[in-house]
>>> print(open('start-v5.cif').read())   # mmCIF, C-alpha atoms and all ligand atoms; chains and numbers go by the auth columns
data_upload
loop_
_atom_site.group_PDB
_atom_site.id
_atom_site.type_symbol
_atom_site.label_atom_id
_atom_site.label_comp_id
_atom_site.label_asym_id
_atom_site.label_seq_id
_atom_site.Cartn_x
_atom_site.Cartn_y
_atom_site.Cartn_z
_atom_site.B_iso_or_equiv
_atom_site.auth_seq_id
_atom_site.auth_asym_id
ATOM 1 C CA MET A 1 0.000 0.000 0.000 0.00 226 A
ATOM 2 C CA SER A 2 1.588 3.296 -1.021 0.00 227 A
ATOM 3 C CA LYS A 3 -0.347 6.003 0.786 0.00 228 A
ATOM 4 C CA LYS A 4 0.958 9.548 0.862 0.00 229 A
ATOM 5 C CA GLY A 5 -1.936 11.796 1.860 0.00 230 A
ATOM 6 C CA MET A 6 -3.478 11.817 5.338 0.00 231 A
ATOM 7 C CA PHE A 7 -6.961 10.394 5.707 0.00 232 A
ATOM 8 C CA ILE A 8 -8.982 12.297 8.333 0.00 233 A
ATOM 9 C CA SER A 9 -12.573 11.470 9.210 0.00 234 A
ATOM 10 C CA PHE A 10 -15.079 13.589 11.145 0.00 235 A
ATOM 11 C CA GLU A 11 -17.696 12.076 13.405 0.00 236 A
ATOM 12 C CA GLY A 12 -20.517 13.114 15.681 0.00 237 A
ATOM 13 C CA CYS A 13 -24.224 13.024 16.382 0.00 238 A
ATOM 14 C CA GLU A 14 -26.695 14.906 14.171 0.00 239 A
ATOM 15 C CA GLY A 15 -26.195 18.680 14.323 0.00 240 A
ATOM 16 C CA ALA A 16 -22.665 18.499 15.760 0.00 241 A
ATOM 17 C CA GLY A 17 -21.425 20.966 13.116 0.00 242 A
ATOM 18 C CA LYS A 18 -19.072 18.587 11.278 0.00 243 A
ATOM 19 C CA THR A 19 -19.834 19.953 7.829 0.00 244 A
ATOM 20 C CA THR A 20 -19.169 23.586 8.845 0.00 245 A
ATOM 21 C CA VAL A 21 -15.956 22.630 10.640 0.00 246 A
ATOM 22 C CA ILE A 22 -14.725 20.657 7.604 0.00 247 A
ATOM 23 C CA GLU A 23 -15.481 23.629 5.350 0.00 248 A
ATOM 24 C CA HIS A 24 -13.347 25.954 7.540 0.00 249 A
ATOM 25 C CA LEU A 25 -10.473 23.481 7.889 0.00 250 A
ATOM 26 C CA TYR A 26 -10.505 22.857 4.153 0.00 251 A
ATOM 27 C CA GLU A 27 -10.237 26.605 3.406 0.00 252 A
ATOM 28 C CA LYS A 28 -7.395 26.999 5.914 0.00 253 A
ATOM 29 C CA MET A 29 -5.483 24.049 4.475 0.00 254 A
ATOM 30 C CA VAL A 30 -5.868 25.398 0.940 0.00 255 A
ATOM 31 C CA GLU A 31 -4.591 28.808 2.121 0.00 256 A
ATOM 32 C CA LYS A 32 -1.533 27.098 3.622 0.00 257 A
ATOM 33 C CA GLY A 33 -0.843 25.425 0.279 0.00 258 A
ATOM 34 C CA TYR A 34 -1.825 21.862 1.167 0.00 259 A
ATOM 35 C CA ARG A 35 -3.391 19.634 -1.455 0.00 260 A
ATOM 36 C CA VAL A 36 -6.658 18.632 0.166 0.00 261 A
ATOM 37 C CA MET A 37 -10.043 17.194 -0.784 0.00 262 A
ATOM 38 C CA LYS A 38 -13.286 17.213 1.200 0.00 263 A
ATOM 39 C CA THR A 39 -15.919 14.580 0.751 0.00 264 A
ATOM 40 C CA ARG A 40 -18.787 12.934 2.607 0.00 265 A
ATOM 41 C CA GLU A 41 -20.393 9.623 3.459 0.00 266 A
ATOM 42 C CA PRO A 42 -22.635 8.108 2.463 0.00 267 A
ATOM 43 C CA GLY A 43 -22.012 9.729 -0.921 0.00 268 A
ATOM 44 C CA GLY A 44 -19.141 11.627 -2.466 0.00 269 A
ATOM 45 C CA ILE A 45 -19.483 9.958 -5.877 0.00 270 A
ATOM 46 C CA ASP A 46 -22.450 9.093 -8.075 0.00 271 A
ATOM 47 C CA ILE A 47 -22.966 5.419 -7.085 0.00 272 A
ATOM 48 C CA SER A 48 -22.653 6.188 -3.368 0.00 273 A
ATOM 49 C CA GLU A 49 -24.904 9.257 -3.593 0.00 274 A
ATOM 50 C CA GLN A 50 -27.535 6.995 -5.179 0.00 275 A
ATOM 51 C CA ILE A 51 -27.130 4.501 -2.321 0.00 276 A
ATOM 52 C CA ARG A 52 -27.456 7.481 0.094 0.00 277 A
ATOM 53 C CA THR A 53 -30.805 8.389 -1.459 0.00 278 A
ATOM 54 C CA ILE A 54 -32.071 4.827 -0.923 0.00 279 A
ATOM 55 C CA ILE A 55 -30.832 4.600 2.678 0.00 280 A
ATOM 56 C CA LEU A 56 -32.019 7.999 3.853 0.00 281 A
ATOM 57 C CA HIS A 57 -35.362 8.226 2.045 0.00 282 A
ATOM 58 C CA PRO A 58 -37.885 9.041 4.812 0.00 283 A
ATOM 59 C CA GLY A 59 -40.379 6.687 3.139 0.00 284 A
ATOM 60 C CA HIS A 60 -38.140 3.582 3.422 0.00 285 A
ATOM 61 C CA LYS A 61 -39.421 2.725 6.878 0.00 286 A
ATOM 62 C CA GLU A 62 -39.367 -1.020 6.143 0.00 287 A
ATOM 63 C CA MET A 63 -35.563 -1.119 5.707 0.00 288 A
ATOM 64 C CA ASP A 64 -33.999 -3.909 7.750 0.00 289 A
ATOM 65 C CA SER A 65 -31.075 -2.941 10.029 0.00 290 A
ATOM 66 C CA ARG A 66 -28.610 -5.329 8.395 0.00 291 A
ATOM 67 C CA THR A 67 -29.661 -4.138 4.940 0.00 292 A
ATOM 68 C CA GLU A 68 -28.951 -0.629 6.172 0.00 293 A
ATOM 69 C CA ALA A 69 -25.501 -1.656 7.502 0.00 294 A
ATOM 70 C CA LEU A 70 -24.636 -3.405 4.222 0.00 295 A
ATOM 71 C CA LEU A 71 -25.745 -0.446 2.122 0.00 296 A
ATOM 72 C CA TYR A 72 -23.580 1.944 4.177 0.00 297 A
ATOM 73 C CA ALA A 73 -20.638 -0.455 3.801 0.00 298 A
ATOM 74 C CA ALA A 74 -21.237 -0.764 0.036 0.00 299 A
ATOM 75 C CA ALA A 75 -21.406 3.014 -0.375 0.00 300 A
ATOM 76 C CA ARG A 76 -18.213 3.268 1.717 0.00 301 A
ATOM 77 C CA ARG A 77 -16.340 0.722 -0.405 0.00 302 A
ATOM 78 C CA GLN A 78 -17.181 2.366 -3.715 0.00 303 A
ATOM 79 C CA HIS A 79 -16.406 5.864 -2.441 0.00 304 A
ATOM 80 C CA LEU A 80 -13.091 4.655 -1.004 0.00 305 A
ATOM 81 C CA VAL A 81 -11.983 2.879 -4.166 0.00 306 A
ATOM 82 C CA GLU A 82 -13.206 5.470 -6.633 0.00 307 A
ATOM 83 C CA LYS A 83 -12.311 8.679 -4.830 0.00 308 A
ATOM 84 C CA VAL A 84 -10.445 8.431 -1.512 0.00 309 A
ATOM 85 C CA ILE A 85 -7.647 5.949 -2.327 0.00 310 A
ATOM 86 C CA PRO A 86 -6.671 7.612 -5.635 0.00 311 A
ATOM 87 C CA ALA A 87 -6.491 10.991 -3.843 0.00 312 A
ATOM 88 C CA LEU A 88 -4.363 9.616 -0.971 0.00 313 A
ATOM 89 C CA GLU A 89 -2.046 7.843 -3.387 0.00 314 A
ATOM 90 C CA ASP A 90 -1.683 11.070 -5.319 0.00 315 A
ATOM 91 C CA GLY A 91 -0.478 12.814 -2.135 0.00 316 A
ATOM 92 C CA CYS A 92 -3.720 14.663 -1.430 0.00 317 A
ATOM 93 C CA HIS A 93 -5.087 14.881 2.130 0.00 318 A
ATOM 94 C CA VAL A 94 -8.698 13.770 2.498 0.00 319 A
ATOM 95 C CA LEU A 95 -11.247 15.260 4.934 0.00 320 A
ATOM 96 C CA CYS A 96 -14.173 12.865 5.104 0.00 321 A
ATOM 97 C CA ASP A 97 -17.516 13.733 6.725 0.00 322 A
ATOM 98 C CA ARG A 98 -18.262 10.414 8.513 0.00 323 A
ATOM 99 C CA PHE A 99 -16.613 7.004 7.969 0.00 324 A
ATOM 100 C CA ILE A 100 -16.500 3.618 9.729 0.00 325 A
ATOM 101 C CA ASP A 101 -17.253 4.947 13.249 0.00 326 A
ATOM 102 C CA SER A 102 -20.673 6.128 12.060 0.00 327 A
ATOM 103 C CA SER A 103 -21.560 2.551 11.133 0.00 328 A
ATOM 104 C CA LEU A 104 -20.224 1.211 14.434 0.00 329 A
ATOM 105 C CA ALA A 105 -22.222 3.799 16.421 0.00 330 A
ATOM 106 C CA TYR A 106 -25.469 3.929 14.397 0.00 331 A
ATOM 107 C CA GLN A 107 -25.823 0.380 13.066 0.00 332 A
ATOM 108 C CA GLY A 108 -23.620 -1.532 15.523 0.00 333 A
ATOM 109 C CA ALA A 109 -24.809 0.110 18.738 0.00 334 A
ATOM 110 C CA ALA A 110 -27.976 2.147 18.158 0.00 335 A
ATOM 111 C CA ARG A 111 -29.656 -0.385 15.826 0.00 336 A
ATOM 112 C CA GLY A 112 -28.416 -3.169 18.082 0.00 337 A
ATOM 113 C CA ILE A 113 -26.673 -5.301 15.421 0.00 338 A
ATOM 114 C CA GLY A 114 -23.511 -5.404 17.549 0.00 339 A
ATOM 115 C CA ILE A 115 -20.259 -3.509 17.122 0.00 340 A
ATOM 116 C CA GLU A 116 -18.168 -6.597 16.282 0.00 341 A
ATOM 117 C CA ASP A 117 -20.421 -7.785 13.441 0.00 342 A
ATOM 118 C CA VAL A 118 -20.583 -4.326 11.904 0.00 343 A
ATOM 119 C CA LEU A 119 -16.822 -3.970 12.317 0.00 344 A
ATOM 120 C CA ALA A 120 -16.297 -7.269 10.445 0.00 345 A
ATOM 121 C CA VAL A 121 -18.473 -6.147 7.529 0.00 346 A
ATOM 122 C CA ASN A 122 -16.632 -2.854 7.395 0.00 347 A
ATOM 123 C CA GLU A 123 -13.191 -4.411 7.576 0.00 348 A
ATOM 124 C CA PHE A 124 -14.214 -6.406 4.507 0.00 349 A
ATOM 125 C CA ALA A 125 -15.291 -3.146 2.845 0.00 350 A
ATOM 126 C CA ILE A 126 -12.271 -0.970 3.663 0.00 351 A
ATOM 127 C CA GLY A 127 -9.327 -3.362 3.989 0.00 352 A
ATOM 128 C CA PRO A 128 -6.368 -1.511 5.509 0.00 353 A
ATOM 129 C CA TYR A 129 -7.784 1.985 4.984 0.00 354 A
ATOM 130 C CA MET A 130 -8.610 3.048 8.530 0.00 355 A
ATOM 131 C CA PRO A 131 -8.413 6.836 8.943 0.00 356 A
ATOM 132 C CA ASP A 132 -5.072 8.234 10.152 0.00 357 A
ATOM 133 C CA GLY A 133 -7.037 10.420 12.534 0.00 358 A
ATOM 134 C CA THR A 134 -10.653 11.042 13.478 0.00 359 A
ATOM 135 C CA ILE A 135 -12.108 14.258 14.870 0.00 360 A
ATOM 136 C CA TYR A 136 -15.138 13.449 16.987 0.00 361 A
ATOM 137 C CA ILE A 137 -17.251 16.521 17.765 0.00 362 A
ATOM 138 C CA ASP A 138 -19.013 15.671 20.983 0.00 363 A
ATOM 139 C CA ILE A 139 -22.448 17.181 21.396 0.00 364 A
ATOM 140 C CA LEU A 140 -25.475 16.045 23.382 0.00 365 A
ATOM 141 C CA PRO A 141 -28.094 14.567 21.052 0.00 366 A
ATOM 142 C CA GLU A 142 -30.694 16.970 22.466 0.00 367 A
ATOM 143 C CA THR A 143 -28.573 19.990 21.481 0.00 368 A
ATOM 144 C CA GLY A 144 -27.848 18.613 18.017 0.00 369 A
ATOM 145 C CA LEU A 145 -31.423 17.663 17.198 0.00 370 A
ATOM 146 C CA THR A 146 -32.691 21.075 18.312 0.00 371 A
ATOM 147 C CA ARG A 147 -30.150 22.650 15.951 0.00 372 A
ATOM 148 C CA ILE A 148 -31.080 20.582 12.915 0.00 373 A
ATOM 149 C CA PHE A 149 -34.827 20.943 13.330 0.00 374 A
ATOM 150 C CA LYS A 150 -34.333 24.746 13.551 0.00 375 A
ATOM 151 C CA ASN A 151 -32.243 24.808 10.367 0.00 376 A
ATOM 152 C CA LYS A 152 -34.832 25.004 7.588 0.00 377 A
ATOM 153 C CA ASP A 153 -32.217 24.541 4.822 0.00 378 A
ATOM 154 C CA ARG A 154 -31.197 21.097 6.028 0.00 379 A
ATOM 155 C CA GLU A 155 -33.028 18.065 4.645 0.00 380 A
ATOM 156 C CA ILE A 156 -34.550 15.903 7.395 0.00 381 A
ATOM 157 C CA ASN A 157 -33.696 12.253 6.657 0.00 382 A
ATOM 158 C CA ARG A 158 -34.937 8.850 7.845 0.00 383 A
ATOM 159 C CA LEU A 159 -32.359 8.628 10.647 0.00 384 A
ATOM 160 C CA ASP A 160 -32.971 12.164 11.930 0.00 385 A
ATOM 161 C CA ASN A 161 -36.531 11.036 12.575 0.00 386 A
ATOM 162 C CA GLU A 162 -35.441 8.243 14.937 0.00 387 A
ATOM 163 C CA THR A 163 -36.334 8.564 18.632 0.00 388 A
ATOM 164 C CA ILE A 164 -34.206 10.508 21.108 0.00 389 A
ATOM 165 C CA HIS A 165 -33.272 7.142 22.680 0.00 390 A
ATOM 166 C CA PHE A 166 -31.750 6.044 19.370 0.00 391 A
ATOM 167 C CA HIS A 167 -29.632 9.198 19.227 0.00 392 A
ATOM 168 C CA GLN A 168 -28.628 8.755 22.881 0.00 393 A
ATOM 169 C CA ARG A 169 -27.362 5.251 22.044 0.00 394 A
ATOM 170 C CA VAL A 170 -25.364 6.754 19.159 0.00 395 A
ATOM 171 C CA HIS A 171 -23.860 9.305 21.554 0.00 396 A
ATOM 172 C CA GLU A 172 -22.953 6.675 24.133 0.00 397 A
ATOM 173 C CA ALA A 173 -21.402 4.503 21.413 0.00 398 A
ATOM 174 C CA TYR A 174 -19.173 7.365 20.283 0.00 399 A
ATOM 175 C CA GLN A 175 -17.889 7.743 23.865 0.00 400 A
ATOM 176 C CA ASN A 176 -17.086 4.017 23.930 0.00 401 A
ATOM 177 C CA LEU A 177 -15.395 4.138 20.530 0.00 402 A
ATOM 178 C CA GLN A 178 -13.220 7.024 21.685 0.00 403 A
ATOM 179 C CA GLU A 179 -12.125 4.916 24.661 0.00 404 A
ATOM 180 C CA ARG A 180 -11.514 1.924 22.408 0.00 405 A
ATOM 181 C CA TYR A 181 -9.442 3.869 19.858 0.00 406 A
ATOM 182 C CA PRO A 182 -7.855 6.707 21.898 0.00 407 A
ATOM 183 C CA GLU A 183 -4.860 6.959 19.558 0.00 408 A
ATOM 184 C CA ARG A 184 -7.028 7.564 16.516 0.00 409 A
ATOM 185 C CA ILE A 185 -10.150 9.331 17.772 0.00 410 A
ATOM 186 C CA HIS A 186 -9.713 12.853 19.111 0.00 411 A
ATOM 187 C CA LYS A 187 -12.716 14.237 20.995 0.00 412 A
ATOM 188 C CA ILE A 188 -13.639 17.927 20.792 0.00 413 A
ATOM 189 C CA ASN A 189 -16.278 19.683 22.883 0.00 414 A
ATOM 190 C CA GLY A 190 -19.036 20.546 20.381 0.00 415 A
ATOM 191 C CA GLU A 191 -21.073 22.487 22.942 0.00 416 A
ATOM 192 C CA GLN A 192 -18.589 25.412 22.915 0.00 417 A
ATOM 193 C CA SER A 193 -18.689 28.221 20.321 0.00 418 A
ATOM 194 C CA LEU A 194 -18.142 27.249 16.704 0.00 419 A
ATOM 195 C CA ASP A 195 -14.964 29.363 16.639 0.00 420 A
ATOM 196 C CA ASN A 196 -13.519 27.326 19.488 0.00 421 A
ATOM 197 C CA VAL A 197 -14.567 24.023 17.923 0.00 422 A
ATOM 198 C CA ILE A 198 -12.748 25.065 14.743 0.00 423 A
ATOM 199 C CA LEU A 199 -9.663 26.153 16.724 0.00 424 A
ATOM 200 C CA ASP A 200 -9.508 22.811 18.572 0.00 425 A
ATOM 201 C CA ALA A 201 -9.988 20.878 15.341 0.00 426 A
ATOM 202 C CA GLU A 202 -7.299 22.915 13.591 0.00 427 A
ATOM 203 C CA ARG A 203 -4.837 22.314 16.407 0.00 428 A
ATOM 204 C CA TYR A 204 -5.371 18.562 16.191 0.00 429 A
ATOM 205 C CA LEU A 205 -5.183 18.575 12.406 0.00 430 A
ATOM 206 C CA ASN A 206 -1.870 20.443 12.526 0.00 431 A
ATOM 207 C CA SER A 207 -0.498 17.872 14.953 0.00 432 A
ATOM 208 C CA ILE A 208 -1.440 15.030 12.593 0.00 433 A
ATOM 209 C CA LEU A 209 -0.035 16.788 9.548 0.00 434 A
ATOM 210 C CA SER A 210 3.247 17.508 11.303 0.00 435 A
ATOM 211 C CA GLY A 211 3.428 13.863 12.424 0.00 436 A
ATOM 212 C CA GLU A 212 3.454 14.664 16.180 0.00 437 A
HETATM 213 P P1 LIG B . -25.185 13.165 7.567 0.00 501 A
HETATM 214 O O1 LIG B . -26.485 13.712 8.101 0.00 501 A
HETATM 215 O O2 LIG B . -24.012 13.451 8.440 0.00 501 A
HETATM 216 O O3 LIG B . -24.961 13.506 6.126 0.00 501 A
HETATM 217 O O4 LIG B . -25.299 11.558 7.623 0.00 501 A
HETATM 218 C C1 LIG B . -26.391 10.920 7.119 0.00 501 A
HETATM 219 C C2 LIG B . -27.013 10.007 8.132 0.00 501 A
HETATM 220 O O5 LIG B . -26.501 8.674 7.969 0.00 501 A
HETATM 221 C C3 LIG B . -26.789 10.366 9.586 0.00 501 A
HETATM 222 O O6 LIG B . -28.029 10.201 10.254 0.00 501 A
HETATM 223 C C4 LIG B . -25.820 9.330 10.084 0.00 501 A
HETATM 224 C C5 LIG B . -26.132 8.143 9.218 0.00 501 A
HETATM 225 N N1 LIG B . -25.036 7.192 9.006 0.00 501 A
HETATM 226 C C6 LIG B . -25.138 5.900 9.529 0.00 501 A
HETATM 227 O O7 LIG B . -26.112 5.576 10.194 0.00 501 A
HETATM 228 N N2 LIG B . -24.132 5.017 9.269 0.00 501 A
HETATM 229 C C7 LIG B . -23.050 5.340 8.512 0.00 501 A
HETATM 230 O O8 LIG B . -22.170 4.504 8.302 0.00 501 A
HETATM 231 C C8 LIG B . -22.968 6.694 7.969 0.00 501 A
HETATM 232 C C9 LIG B . -21.795 7.085 7.123 0.00 501 A
HETATM 233 C C10 LIG B . -23.989 7.579 8.238 0.00 501 A
#
>>> encode(input="start-v5.cif", output="structure tokens")
Amino acid sequence: MSKKGMFISFEGCEGAGKTTVIEHLYEKMVEKGYRVMKTREPGGIDISEQIRTIILHPGHKEMDSRTEALLYAAARRQHLVEKVIPALEDGCHVLCDRFIDSSLAYQGAARGIGIEDVLAVNEFAIGPYMPDGTIYIDILPETGLTRIFKNKDREINRLDNETIHFHQRVHEAYQNLQERYPERIHKINGEQSLDNVILDAERYLNSILSGE
């Protein structure tokens, strides 16, 4: 495996502000002269965006949990092979809005499939391409959901409409994942001002890029 760019994923409950933080970090990296790409999951390329539409359609209430886990893993595989790996191999850093930890938290824990089974499916999907670093923006599900339901421009998807208990299980799972992978997952307080979230994220990103 020849991998030259850094692969950074961003995680958190709904409304944590990941997308805004990625946008700011991306601009700052471009200003500093880094080659960098931002992308998202599920999606980022045509096939995976189509899978995203199927998974998140509010009308697909009958979707089975394992079907959901497999569709996320399929979207992940295609996005990785078609977009992320070529960029990394070309020396470009990749900022990815969600990756494997989302499946472990949402499908493994909150849907109740089990972390280990979902991990196995995802290891099959991604091979050796675990992120080099993960920024987890920690926010209470109550805060995040209030934010997204206030934001009229944001589409409300099938998972947003899950119960508060579902989102609390996601939140708890993220805490456990951070304890399981402390070297990789860096937790940031998402309840502080956006400026401070961005500052914390930038500090961590700089430490990864400088190999500290
Ligand atoms: P987004 O709102 O951050 O774009 O993510 C779409 C939804 O998909 C969000 O509710 C989290 C969920 N999701 C999973 O359940 N498993 C996954 O593997 C991924 C990538 C997202």
>>> resolve_selection(input="start-v5.cif", expression="the PyMOL selection byres (((chain A and resi 325) around 9) and not hetatm)", output="list in words")
Ser234, Ala298, Arg301, Arg323, Phe324, Asp326, Ser327, Ser328, Leu329, Ala330, Leu344, Asn347, Glu348, Ile351, Met355 and Pro356 of chain A
>>> atom_distance(input="start-v5.cif", atom1="CA of Val346 in chain A", atom2="atom O1 of ligand LIG 501 (chain A)")
21.4 Å
>>> residues_near_ligand(input="start-v5.cif", ligand="ligand LIG 501 (chain A)", cutoff="10 Å", atoms="only C-alpha atoms and all ligand atoms", output="NGL selection string")
:A and (235-244 or 265-268 or 277-278 or 280-281 or 290 or 293-301 or 321-333 or 335-336 or 343 or 347 or 373 or 379-387 or 392 or 395)
>>> residues_around(input="start-v5.cif", residues="Phe232 in chain A", least_positions_apart="6", cutoff="7 Å", atoms="only C-alpha atoms", output="list in words")
His318, Val319, Leu320, Pro356, Asp357 and Gly358 of chain A
>>> residues_around(input="start-v5.cif", residues="Glu307 in chain A", least_positions_apart="3", cutoff="12 Å", atoms="all atoms listed in the file", output="list in words")
Gly268, Gly269, Ile270, Asp271, Ile272, Ser273, Ala300, Arg301, Arg302, Gln303, His304, Ile310, Pro311, Ala312, Leu313 and Glu314 of chain A
>>> resolve_selection(input="start-v5.cif", expression="the PyMOL selection byres (((chain A and resi 410-422) around 6) and not hetatm)", output="list of chain:residue names")
A:Thr359, A:Ile360, A:Tyr361, A:Ile362, A:Asp363, A:Ile364, A:Gln403, A:Tyr406, A:Pro407, A:Arg409, A:Ile423, A:Leu424, A:Asp425
>>> atom_distance(input="start-v5.cif", atom1="CA of Gln400 in chain A", atom2="CA of Ile340 in chain A")
13.3 Å
>>> closest_atom_pairs(input="start-v5.cif", of="range 380-432 of chain A", to="range 254-261 of chain A", cutoff="12 Å", atoms="only C-alpha atoms", output="JSON lines")
{"residue": "A:Glu427", "atom": "CA", "partner": "A:Met254", "partner_atom": "CA", "distance": 9.4}
{"residue": "A:Leu430", "atom": "CA", "partner": "A:Met254", "partner_atom": "CA", "distance": 9.6}
{"residue": "A:Asn431", "atom": "CA", "partner": "A:Met254", "partner_atom": "CA", "distance": 9.5}
>>> atom_distance(input="start-v5.cif", atom1="CA of Ser432 in chain A", atom2="CA of Met231 in chain A")
11.7 Å
>>> closest_residue(input="start-v5.cif", among="A:Leu365, A:Lys263, A:Gly230, A:Ile433", to="Val246 in chain A", atoms="all atoms listed in the file")
A:Lys263
>>> closest_residue(input="start-v5.cif", among="A:Ala334, A:Glu287, A:Ala345, A:Glu252", to="Asn401 in chain A", atoms="all atoms listed in the file")
A:Ala334
>>> axis_aligned_box(input="start-v5.cif", around="range 355-374 of chain A", padding_each_side="5 Å", output="lines of an AutoDock Vina configuration file")
center_x = -19.9
center_y = 12.8
center_z = 16.0
size_x = 39.8
size_y = 29.6
size_z = 24.9
